[in-house]
Amino acid sequence: MDISRALIRRCKKNDKAALNELLRQYEQYLYKICYYYCQDKDEAFDICQEVYIRIFRHMASLDEDRPIVPWLKRLAVNTCLNYKRDHRKVVPVSLDGNPALMQGVTTSDSVEEIAMSHNDENVLSSALASLADNQRMALTLRYVEDLSYEEIAHTMELPLGTVKSHIFRGRNALREILRTSDLVEG
Amino acid sequence: MCQMDRDILQEYIDDCLEDFEKLILQEHLKNCEMCRRELAQLKVLDWDLRHLPIDIPQELGRVRQASLHDLEPPTISHQGIKGILALQRQIFAHSASFVHFMPSTKMIRNAQSKVAAYTGRALQERFSRSIWGKFVRI
């Protein structure tokens with residue numbers, strides 16, 4: 001899947017056609033990582049755009065003799081983690097005149113009904129999006145990229161033990177969320 | 001109450017155990033319902049996470065185009081050798097402008113005037129063409 005050195009050299013000279021070809025080849029790959037990480041299409045688009053900007057800025061530092069995929073992967077991982085940190089905000093939501101929201105914030109019985117009416121995938125997706133950033137990224141690399149613990153540790157620049165901790169705690173947190181949603185037997 | 005380290009179940013799911021560790025765990029699972037139940041939950045969760053759908057939207061190409069459109073290539077102005085030399089002269093003149101504030105500038109200017117008065121215009125012009133003459137204006 002790696003691209004030619006000639007194309008990389010043209011990209012380094014800011015050849016727009018070459019950059020277009022590079023992104024066209026890897027945009028789906030990058031999008032999958034960004035989407036699995038944030039579980040939101042619009043946010044995934046925002047992150048992808050920031051990844052593209054970083055690719056343009058750091059193209060000069062790319063070593064033509066080495067595969068480009070690990071370089072792109074590390075850029076995407078760092079962009080995802082920094083994006084969540086930089087865009088973390090609390091958006092106050094008014095319940096007035098919003099029956100859908102009112103329906104979700106009444107009794108515990110209605111909350112359970114809504115949870116049960118949702119597709120299991122949506123619940124898992126929401127649960128995944130609620131995890132801590134590093135746990136979510138470790139699980140993303142495990143399930144989207146099928147990386148080993150060692151490869152995840154190398155990509156995230158974390159110790160092996162820390163990566164294992166993120167994966168195990170992430171899964172345990174997901175199990176607990178799904179258990180309270182009655183999707184997993186307690 | 002089971003004393004087994006729960007993390008071993010997760011490593012078993014990820015196929016990261018040594019062969020002898022797998023044997024020990026499999027023997028333990030024969031007698032521990034709690035671990036069997038937890039392992040089953042982990043297997044289901046593992047399968048769900050692995051098969052969580054990722055739909056590739058059609059707008060992805062447009063996002064790429066928009067990013068490339070916003071990309072401004074570095075502008076390189078082709079001034080030619082004359083333009084570059086003029087620019088260098090300006091930079092040098094600006095960087096040397098502190099000379100006007102040096103204490104000896106007035107003395108040099110006065111000396112230049114006296115010399116010019118005795119030796120005539122030719123010497124004055126020659127001085128003006130020198131490096132020092134470029135900073136000190138008569």
# chains A, B, ... in the order shown; residues from 1 in each chain; ligands from 1
call {"tool": "closest_atom_pairs", "arguments": {"of": "chain A", "to": "chain B", "cutoff": "8 Å", "atoms": "only C-alpha atoms", "output": "tab-separated table"}}
result
residue	atom	partner	partner_atom	distance
A:Asn14	CA	B:Pro73	CA	6.4
A:Lys16	CA	B:Leu68	CA	7.1
A:Leu19	CA	B:Leu68	CA	7.9
A:Asn20	CA	B:Leu68	CA	7.2
A:Leu23	CA	B:Arg64	CA	7.0
A:Arg24	CA	B:Gly61	CA	7.4
A:Glu27	CA	B:Leu60	CA	7.4
A:Gln28	CA	B:Ile56	CA	6.9
A:Tyr31	CA	B:Ile56	CA	7.7
A:Lys32	CA	B:Ile54	CA	6.5
A:Tyr35	CA	B:Ile54	CA	7.2
A:Tyr36	CA	B:Ile54	CA	7.1
A:Phe45	CA	B:Val63	CA	7.1
A:Gln49	CA	B:Ser67	CA	6.3
A:Tyr52	CA	B:Ser67	CA	7.0
A:Ile53	CA	B:Ser67	CA	7.3
A:Glu121	CA	B:Leu52	CA	6.9
A:Ser125	CA	B:Leu52	CA	7.8
A:Tyr143	CA	B:Arg50	CA	5.3
A:Val144	CA	B:Arg50	CA	7.4
A:Phe168	CA	B:Gln10	CA	6.7
A:Arg171	CA	B:Leu45	CA	7.8
A:Arg175	CA	B:Leu45	CA	7.4
A:Val184	CA	B:Gln41	CA	7.2
call {"tool": "residues_around", "arguments": {"residues": "Leu62 in chain A", "least_positions_apart": "2", "cutoff": "12 Å", "atoms": "only C-alpha atoms", "output": "PyMOL selection string"}}
result
chain A and resi 5+8-9+11-12+54-60+64-72+75
call {"tool": "atom_distance", "arguments": {"atom1": "CA of Ala40 in chain B", "atom2": "CA of Leu128 in chain A"}}
result
19.5 Å
call {"tool": "atom_distance", "arguments": {"atom1": "CA of Leu124 in chain A", "atom2": "CA of Leu174 in chain A"}}
result
7.6 Å
call {"tool": "select_by_dssp", "arguments": {"residues": "range 12-130 of chain B", "states": "alpha helix (DSSP H)", "output": "MDAnalysis selection string"}}
result
chainID B and resid 12:13 19:31 33:50 60:70 80:95 104:119 121:128
call {"tool": "atom_distance", "arguments": {"atom1": "CA of Leu17 in chain B", "atom2": "CA of Lys164 in chain A"}}
result
13.1 Å
